Amino acid sequence: MNLEILYEDNHLIAVNKSGHDLVQGDSSGDEPLSDKVKEYIKQKYNKPGDVYLGIAHRLDRPVTGIVLFARTTKALTRLNKMFQDREVKKTYWAIVQELPEEDEATLRHFMLKDSEKNKSYAFPKMRKGAKEAVLSYKMISSSSRYHLLEIDLQTGRHHQIRAQLAKIGCPIRGDLKYGSPRSNPDGGISLHARSLQFIHPVKQESVRIIAPVPGEDNLWREFANIIS
């Protein structure tokens, strides 16, 4: 089973999601990441019957990086509240081709979701039905053609990072839906959930989980080598 486990204990398990995996099942019928993790737990611990796994948050299918699951109902209930109360620090890396006007900034927009198109739109002012979306970014590296942004996600709206970066003229590499001129060879987009930092919901210890960038992508490898 091809799973990259980043963190595991009796209460939580975190994996490094590929750009092909669904976190949770949908109409496509493709096997979701959640089922793969359940099977991993079942095999590793020789568990009979159904394995419990709670989904505390999600990543869009073309996005790579950390997905954190709960292995107990107690952990899930507490994790859900932590995410809701913004007690989990979520850091992303994004590769963009266009240089942002500022090397570091906070973006605040009001977002509307179009469910039919599975797309969200960021507006500078409040609109009826919109939800506030806030993130901070800073540029941490550049190559000859691309730039690497580190993003501190402060709210968790649908397609938030993708829509907000597109709004300032910096669509994510490979993200055709939000204005990238071309797709990535693997069909994913260059957005990576790099780290999660939080207080363990049961042990009450500080936890920081870091996800390596996709190793099969030459540009990701190039940036990782520059930063390391």
# chains A, B, ... in the order shown; residues from 1 in each chain; ligands from 1
>>> residues_around(residues="Arg208 of chain A", least_positions_apart="2", cutoff="12 Å", atoms="only C-alpha atoms", output="ChimeraX atom specification")
/A:6-7,14,66,68,88-91,194-200,205-206,210-211
>>> select_by_dssp(residues="segment 159-216 of chain A", states="alpha helix (DSSP H)", output="list of chain:residue names")
A:Gln160, A:Ile161, A:Arg162, A:Ala163, A:Gln164, A:Leu165, A:Ala166, A:Lys167
>>> write_last_selection(atoms="C-alpha atoms", output="PDB file, in the first residue's frame")
ATOM      1  CA  GLN A 160      -9.585  29.912  -0.676  1.00  0.00           C
ATOM      2  CA  ILE A 161      -5.864  30.016  -1.489  1.00  0.00           C
ATOM      3  CA  ARG A 162      -6.483  29.287  -5.151  1.00  0.00           C
ATOM      4  CA  ALA A 163      -9.108  32.031  -5.517  1.00  0.00           C
ATOM      5  CA  GLN A 164      -7.316  34.677  -3.456  1.00  0.00           C
ATOM      6  CA  LEU A 165      -3.964  34.265  -5.224  1.00  0.00           C
ATOM      7  CA  ALA A 166      -5.740  34.351  -8.580  1.00  0.00           C
ATOM      8  CA  LYS A 167      -7.482  37.562  -7.509  1.00  0.00           C
TER       9      LYS A 167
END
>>> closest_residue(among="A:Ser183, A:Asn2, A:Ser136, A:Ser115", to="Leu153 of chain A", atoms="only C-alpha atoms")
A:Ser136
>>> atom_distance(atom1="atom CA of Lys74 of chain A", atom2="atom CA of Val207 of chain A")
17.4 Å
>>> residues_around(residues="Met126 of chain A", least_positions_apart="6", cutoff="12 Å", atoms="only C-alpha atoms", output="short mmCIF file (atom, residue, chain, number, x, y, z; two decimals) with N, CA and C atoms, in the first residue's frame")
data_model
loop_
_atom_site.label_atom_id
_atom_site.label_comp_id
_atom_site.auth_asym_id
_atom_site.auth_seq_id
_atom_site.Cartn_x
_atom_site.Cartn_y
_atom_site.Cartn_z
N ARG A 108 -7.32 39.91 2.36
CA ARG A 108 -8.64 39.80 2.98
C ARG A 108 -9.68 40.01 1.89
N HIS A 109 -10.46 38.98 1.63
CA HIS A 109 -11.50 39.05 0.62
C HIS A 109 -12.81 38.51 1.18
N PHE A 110 -13.85 38.63 0.38
CA PHE A 110 -15.15 38.04 0.72
C PHE A 110 -15.50 37.07 -0.41
N MET A 111 -15.73 35.81 -0.04
CA MET A 111 -15.81 34.76 -1.05
C MET A 111 -17.20 34.20 -1.20
N LEU A 112 -17.56 33.97 -2.46
CA LEU A 112 -18.81 33.32 -2.81
C LEU A 112 -18.49 32.03 -3.56
N GLU A 132 -16.02 35.90 4.83
CA GLU A 132 -14.71 36.53 4.87
C GLU A 132 -13.61 35.48 4.75
N ALA A 133 -12.57 35.80 4.00
CA ALA A 133 -11.43 34.90 3.80
C ALA A 133 -10.14 35.69 4.04
#
>>> atom_distance(atom1="atom CA of Leu53 of chain A", atom2="atom CA of Ala193 of chain A")
20.4 Å
>>> closest_residue(among="A:Leu148, A:Ala105, A:Val37, A:Val15", to="Val67 of chain A", atoms="only C-alpha atoms")
A:Val15
>>> residues_around(residues="Gln84 of chain A", least_positions_apart="3", cutoff="10 Å", atoms="only C-alpha atoms", output="VMD selection string")
chain A and resid 56 78 to 81 87 to 88 155 to 156
>>> select_by_dssp(residues="segment 80-207 of chain A", states="strand (DSSP E)", output="ChimeraX atom specification")
/A:89-96,104-114,119-123,131-142,147-153,191-199,206-207
>>> write_last_selection(atoms="C-alpha atoms", output="mmCIF file, in the first residue's frame")
data_model
loop_
_atom_site.group_PDB
_atom_site.id
_atom_site.type_symbol
_atom_site.label_atom_id
_atom_site.label_comp_id
_atom_site.auth_asym_id
_atom_site.auth_seq_id
_atom_site.Cartn_x
_atom_site.Cartn_y
_atom_site.Cartn_z
ATOM 1 C CA LYS A 89 -1.871 26.616 12.397
ATOM 2 C CA LYS A 90 -2.012 25.635 8.716
ATOM 3 C CA THR A 91 0.940 26.494 6.483
ATOM 4 C CA TYR A 92 0.927 25.938 2.735
ATOM 5 C CA TRP A 93 3.480 26.326 -0.036
ATOM 6 C CA ALA A 94 2.362 27.535 -3.455
ATOM 7 C CA ILE A 95 4.316 27.946 -6.686
ATOM 8 C CA VAL A 96 3.242 30.875 -8.852
ATOM 9 C CA GLU A 104 4.759 39.795 1.992
ATOM 10 C CA ALA A 105 1.127 40.735 2.614
ATOM 11 C CA THR A 106 -2.190 39.807 4.215
ATOM 12 C CA LEU A 107 -5.082 39.207 1.823
ATOM 13 C CA ARG A 108 -8.637 39.804 2.975
ATOM 14 C CA HIS A 109 -11.502 39.054 0.617
ATOM 15 C CA PHE A 110 -15.145 38.044 0.717
ATOM 16 C CA MET A 111 -15.807 34.762 -1.047
ATOM 17 C CA LEU A 112 -18.806 33.316 -2.806
ATOM 18 C CA LYS A 113 -18.986 29.669 -3.858
ATOM 19 C CA ASP A 114 -20.583 28.562 -7.114
ATOM 20 C CA LYS A 119 -15.473 27.320 -8.050
ATOM 21 C CA SER A 120 -15.210 30.231 -5.609
ATOM 22 C CA TYR A 121 -14.885 33.941 -6.316
ATOM 23 C CA ALA A 122 -13.028 36.484 -4.178
ATOM 24 C CA PHE A 123 -14.360 40.045 -3.907
ATOM 25 C CA LYS A 131 -17.817 34.720 3.753
ATOM 26 C CA GLU A 132 -14.705 36.533 4.875
ATOM 27 C CA ALA A 133 -11.433 34.900 3.797
ATOM 28 C CA VAL A 134 -8.050 35.849 5.261
ATOM 29 C CA LEU A 135 -4.548 34.591 4.574
ATOM 30 C CA SER A 136 -1.018 35.930 4.883
ATOM 31 C CA TYR A 137 1.771 35.097 2.458
ATOM 32 C CA LYS A 138 5.469 35.745 2.073
ATOM 33 C CA MET A 139 7.791 34.943 -0.806
ATOM 34 C CA ILE A 140 10.480 32.523 0.362
ATOM 35 C CA SER A 141 12.263 31.584 -2.876
ATOM 36 C CA SER A 142 12.453 32.184 -6.621
ATOM 37 C CA HIS A 147 8.222 31.954 -7.181
ATOM 38 C CA LEU A 148 7.526 30.012 -3.996
ATOM 39 C CA LEU A 149 5.074 31.527 -1.519
ATOM 40 C CA GLU A 150 4.567 30.398 2.076
ATOM 41 C CA ILE A 151 0.965 30.903 3.155
ATOM 42 C CA ASP A 152 -0.509 31.131 6.639
ATOM 43 C CA LEU A 153 -4.158 30.211 6.175
ATOM 44 C CA LEU A 191 -0.216 23.864 -3.884
ATOM 45 C CA HIS A 192 1.144 21.850 -0.969
ATOM 46 C CA ALA A 193 -0.148 21.620 2.608
ATOM 47 C CA ARG A 194 3.301 21.937 4.153
ATOM 48 C CA SER A 195 2.711 21.866 7.915
ATOM 49 C CA LEU A 196 0.163 21.629 10.712
ATOM 50 C CA GLN A 197 0.896 22.849 14.228
ATOM 51 C CA PHE A 198 -1.472 22.279 17.151
ATOM 52 C CA ILE A 199 -1.891 21.041 20.701
ATOM 53 C CA SER A 206 2.568 20.475 21.100
ATOM 54 C CA VAL A 207 2.613 18.732 17.708
#
>>> closest_residue(among="A:His57, A:Ser143, A:Gly19, A:Gly49", to="Ala224 of chain A", atoms="only C-alpha atoms")
A:Ser143
>>> atom_distance(atom1="atom CA of Leu176 of chain A", atom2="atom CA of Arg61 of chain A")
13.8 Å
>>> closest_residue(among="A:Leu33, A:Arg71, A:Trp220, A:Asp85", to="Val51 of chain A", atoms="only C-alpha atoms")
A:Arg71
>>> closest_residue(among="A:Thr77, A:Gln97, A:Gln24, A:Asn46", to="Pro181 of chain A", atoms="only C-alpha atoms")
A:Gln97
